[in-house]
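> Quick one: structure below, then a few questions.
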Amino acid sequence: MKQMPLFPVTVVGSWPRPAYLLEAQRRRAPELESLRERACAEALADQVASGVDLPSDGEQRRDNFFSFLCERIDGLQLMSMAQLLEYVEDKAAFEGLLRALDVPAFAIKNPTVVGRLTRRGALVGDDLAFARRHTDLPIKVTLPGPYLLSRSIWVKGLSETAYPTRAALNDDLVRILREELAELRAAGAQFIQFDEPVLSELVFAGKSSTRTFMCAALAAKSSPEEELELAVDLINRVTEGFSGATLGLHVCRGNWSTQEDVLLSGSYGALMPTLRRMNIDQFVLEYATSRAGPLDVLAQLPARCSLGLGAVNPRTLELESPEDVAARVREVARFVDPARIYLNPDCGFGTFSERPVASRDLARAKLEILARAAQILRRG
């Protein structure tokens with residue numbers, strides 16, 4: 001990977017979609033692909049101008065961070081949360097949960113297994129190739145993690161014909177992601193990030209106390225211990241023998257609402273035994289809010305791993321001061337070697353295309369804060 005400066009500034013992935021793209025997406029306009037490319041180029045330009053060292057394409061081709069798979073894998077159908085309610089055993093309770101958690105059922109769509117899964121081609125390889133034509137900086141490419149997919153896309157009443165059980169689906173998920181990694185490595189990818197947001201639901205307490213809607217997550221009925229064991233097994237099967245690029249894993253606490261009290265809270269200490277067993281090079285964790293818990297648990301990260309430190313909150317209008325961010329990083333450096341610390345927002349800025357958590361101007365301002373904080377730290 002290209003030599004990074006100390007305290008590299010990066011993003012988690014998504015960027016607010018421009019109005020012209022949302023309109024074209026809604027009507028499936030003939031020029032949709034060219035508008036997606038325009039939006040990707042603009043997202044890259046925004047990030048580079050803000051001082052980002054490791055940008056992404058802003059996930060402008062995606063409805064959300066994993067629904068785009070429906071366009072690239074046969075056997076998946078995109079369904080809204082409202083449609084999926086038909087397959088929830090306790091519909092009234094689930095509808096109440098969505099209301100309590102401020103979940104935009106109209107905006108969130110879930111890829112759902114309705115047939116055997118087959119890749120039509122690259123999942124994100126074309127996105128990487130496009131981004132490279134617009135910047136000579138290294139690119140972060142993002143993929144949904146295998147546990148997220150195992151947990152969310154198999155729906156009872158819809159998926160049994162293709163895969164009688166959720167467990168029967170996992171071999172194909174591992175195969176598809178390994179194929180993608182091999183192609184990305186051959187293309188010279190430098191940083192590949194898996195998104196595993198549902199891990200936090202297993203150990204953190206939210207307003208629902210026992211579960212959130214997180215990415216539908218309709219399939220899980222095993223104990224948290226069994227689910228965490230499965231998460232380790234799946235990611236390690238996907239990454240076994242892989243080298244040549246940095247592999248990251250993002251674990252957030254929910255990015256569907258700007259209401260902090262409905263999002264998940266708790267120390268990452270509960271997840272550390274799980275994370276330490278994963279064949280991953282960097283863990284991207286949220287630490288911009290008090291919901292993150294104490295910093296000292298970061299000392300438990302393996303010495304071989306870097307930390308993607310969530311240092312600004314993408315969900316708030318308040319602008320953090322670069323000096324405060326730098327001070328926070330200095331605290332983290334008591335537990336993690338400064339050479340292993342990257343700076344990023346807690347999560348993406350536009351997770352769901354129809355309901356972003358930030359505007360384009362706010363996203364740029366937040367990244368500029370990170371870049372200024374990095375400059376302060378580098379001088380120090």
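Residue names in the structure tokens use chain letters A, B, ... in the order shown, residue numbers from 1 in each chain, and ligand numbers from 1 in the order shown.
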Which neighbours of range 172-179 of chain A fall inside 9 Å, counting only C-alpha atoms, when residues of the same chain fewer than 6 positions from it are skipped, and could you give them as a ChimeraX atom specification?
/A:116-119,122-123,143,145-146,149-150,234-235,237-240,242
> Fewer than 5 positions away in the same chain doesn't count, so skip those; otherwise give me all residues within 8 Å of Leu148 in chain A, counting only C-alpha atoms, as number ranges by chain.
A: 195-198, 215
> Find the residue from A:Asn170, A:Thr316, A:Ser243, A:Ser152 that sits nearest to Ala182 in chain A; use only C-alpha atoms when measuring.
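Checking each candidate against Ala182 in chain A, we get A:Ser243 as the closest.
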> Interatomic distance between CA of Arg276 in chain A and CA of Trp154 in chain A?
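One can read the CA of Arg276 in chain A to CA of Trp154 in chain A distance as 27.3 Å.
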> Report, in Å with one decimal, the straight-line distance from CA of Arg364 in chain A to CA of Ala333 in chain A.
25.7 Å
> Neighbours of Ser159 in chain A within 12 Å (only C-alpha atoms; same-chain residues fewer than 2 positions away dropped), as JSON, numbers by chain?
{"A": [75, 76, 77, 87, 111, 112, 113, 114, 115, 116, 117, 150, 152, 153, 154, 155, 156, 157, 161, 162, 163, 164, 165, 166, 167, 168, 169, 218, 219]}
> Taking into account only C-alpha atoms, which residue in the set A:Ser265, A:Glu323, A:Ala311, A:Arg277 is nearest to Arg291 in chain A?
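Checking each candidate against Arg291 in chain A, we get A:Ser265 as the closest.
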> Would you pick out the contacts of range 269-274 of chain A at 9 Å or less, using only C-alpha atoms, so that residues sharing its chain but fewer than 3 positions from it are not included, and give the list as a PDB file with N, CA and C atoms, in the first residue's frame?

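Listed below is the output, around_33.pdb:
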```pdb
ATOM      1  N   LEU A 199     -22.848  -6.873  14.345  1.00  0.00           N
ATOM      2  CA  LEU A 199     -22.109  -7.410  15.498  1.00  0.00           C
ATOM      3  C   LEU A 199     -22.441  -6.639  16.765  1.00  0.00           C
ATOM      4  N   SER A 200     -22.599  -5.323  16.634  1.00  0.00           N
ATOM      5  CA  SER A 200     -22.840  -4.503  17.819  1.00  0.00           C
ATOM      6  C   SER A 200     -24.164  -4.853  18.486  1.00  0.00           C
ATOM      7  N   LEU A 202     -25.373  -7.638  19.008  1.00  0.00           N
ATOM      8  CA  LEU A 202     -25.250  -8.844  19.835  1.00  0.00           C
ATOM      9  C   LEU A 202     -24.772  -8.536  21.252  1.00  0.00           C
ATOM     10  N   VAL A 203     -24.079  -7.414  21.420  1.00  0.00           N
ATOM     11  CA  VAL A 203     -23.480  -7.154  22.739  1.00  0.00           C
ATOM     12  C   VAL A 203     -23.867  -5.824  23.353  1.00  0.00           C
ATOM     13  N   PHE A 204     -24.433  -4.885  22.569  1.00  0.00           N
ATOM     14  CA  PHE A 204     -24.766  -3.570  23.094  1.00  0.00           C
ATOM     15  C   PHE A 204     -26.246  -3.491  23.434  1.00  0.00           C
ATOM     16  N   LEU A 228     -21.666 -14.801  17.543  1.00  0.00           N
ATOM     17  CA  LEU A 228     -20.307 -14.263  17.490  1.00  0.00           C
ATOM     18  C   LEU A 228     -19.330 -15.308  16.973  1.00  0.00           C
ATOM     19  N   GLU A 229     -19.527 -16.549  17.370  1.00  0.00           N
ATOM     20  CA  GLU A 229     -18.669 -17.631  16.875  1.00  0.00           C
ATOM     21  C   GLU A 229     -18.819 -17.765  15.363  1.00  0.00           C
ATOM     22  N   ALA A 231     -19.691 -15.383  13.308  1.00  0.00           N
ATOM     23  CA  ALA A 231     -19.084 -14.207  12.678  1.00  0.00           C
ATOM     24  C   ALA A 231     -17.583 -14.397  12.500  1.00  0.00           C
ATOM     25  N   VAL A 232     -16.916 -14.928  13.514  1.00  0.00           N
ATOM     26  CA  VAL A 232     -15.477 -15.185  13.419  1.00  0.00           C
ATOM     27  C   VAL A 232     -15.198 -16.222  12.337  1.00  0.00           C
ATOM     28  N   GLY A 266     -22.517   1.124  24.436  1.00  0.00           N
ATOM     29  CA  GLY A 266     -21.782   0.095  25.168  1.00  0.00           C
ATOM     30  C   GLY A 266     -20.320   0.068  24.791  1.00  0.00           C
ATOM     31  N   ARG A 277      -9.849 -12.503  17.336  1.00  0.00           N
ATOM     32  CA  ARG A 277      -9.723 -13.790  16.651  1.00  0.00           C
ATOM     33  C   ARG A 277      -9.945 -13.669  15.147  1.00  0.00           C
ATOM     34  N   MET A 278     -10.210 -12.469  14.664  1.00  0.00           N
ATOM     35  CA  MET A 278     -10.494 -12.282  13.245  1.00  0.00           C
ATOM     36  C   MET A 278      -9.221 -11.962  12.474  1.00  0.00           C
ATOM     37  N   GLY A 293     -18.229   4.332  25.219  1.00  0.00           N
ATOM     38  CA  GLY A 293     -17.614   3.727  26.397  1.00  0.00           C
ATOM     39  C   GLY A 293     -16.145   4.100  26.530  1.00  0.00           C
ATOM     40  N   PRO A 294     -15.424   3.448  27.435  1.00  0.00           N
ATOM     41  CA  PRO A 294     -14.045   3.829  27.752  1.00  0.00           C
ATOM     42  C   PRO A 294     -13.057   3.524  26.639  1.00  0.00           C
ATOM     43  N   ASP A 296      -9.826   2.677  27.208  1.00  0.00           N
ATOM     44  CA  ASP A 296      -8.756   1.752  27.578  1.00  0.00           C
ATOM     45  C   ASP A 296      -8.925   0.368  26.971  1.00  0.00           C
ATOM     46  N   VAL A 297     -10.139   0.010  26.532  1.00  0.00           N
ATOM     47  CA  VAL A 297     -10.333  -1.309  25.920  1.00  0.00           C
ATOM     48  C   VAL A 297      -9.580  -1.413  24.596  1.00  0.00           C
ATOM     49  N   LEU A 298      -9.210  -0.273  24.011  1.00  0.00           N
ATOM     50  CA  LEU A 298      -8.480  -0.303  22.745  1.00  0.00           C
ATOM     51  C   LEU A 298      -7.103  -0.927  22.894  1.00  0.00           C
ATOM     52  N   GLN A 300      -6.640  -3.669  23.982  1.00  0.00           N
ATOM     53  CA  GLN A 300      -6.818  -5.091  23.707  1.00  0.00           C
ATOM     54  C   GLN A 300      -6.744  -5.425  22.210  1.00  0.00           C
ATOM     55  N   LEU A 301      -6.718  -4.399  21.343  1.00  0.00           N
ATOM     56  CA  LEU A 301      -6.578  -4.687  19.920  1.00  0.00           C
ATOM     57  C   LEU A 301      -5.243  -5.375  19.665  1.00  0.00           C
TER      58      LEU A 301
END
```
> Per DSSP on the backbone, what are the alpha helix (DSSP H) residues of range 15-193 of chain A, as JSON, numbers by chain?
{"A": [19, 20, 21, 22, 23, 24, 25, 26, 27, 32, 33, 34, 35, 36, 37, 38, 39, 40, 41, 42, 43, 44, 45, 46, 47, 48, 49, 81, 82, 83, 84, 91, 92, 93, 94, 95, 96, 97, 98, 99, 100, 125, 126, 127, 128, 129, 130, 131, 132, 146, 147, 148, 149, 150, 151, 152, 166, 167, 168, 169, 170, 171, 172, 173, 174, 175, 176, 177, 178, 179, 180, 181, 182, 183, 184, 185, 186]}
> Provide the CA of Arg120 in chain A to CA of Val251 in chain A distance in Å, to one decimal place.
28.0 Å
> Residues at most 9 Å from Ala288 in chain A, counting only C-alpha atoms, excluding those fewer than 2 positions away in the same chain, as a list of chain:residue names?
A:Glu286, A:Ser290, A:Arg291, A:Ala292, A:Leu309, A:Gly310, A:Ala311, A:Val312, A:Asn313, A:Val325, A:Pro345, A:Asp346
> Find the residues around range 4-11 of chain A up to 6 Å (only C-alpha atoms counted), leave out those fewer than 6 positions away in its own chain, and share them as a list in words.
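With the cut-off at 6 Å, the set is Val52, Asp53, Leu54, Pro55, Ile341, Tyr342, Leu343, Asn344 and Ala374 of chain A.
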> Between A:Ile280, A:Ala19, A:Ala45, A:Val357, single out the one closest to Ala303 in chain A, counting only C-alpha atoms.
A:Ile280
> A:Ala29, A:Asp324, A:Glu201, A:Leu137: which is nearest Leu264 in chain A, counting only C-alpha atoms?
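Using only C-alpha atoms, Leu264 in chain A sits closest to A:Glu201.
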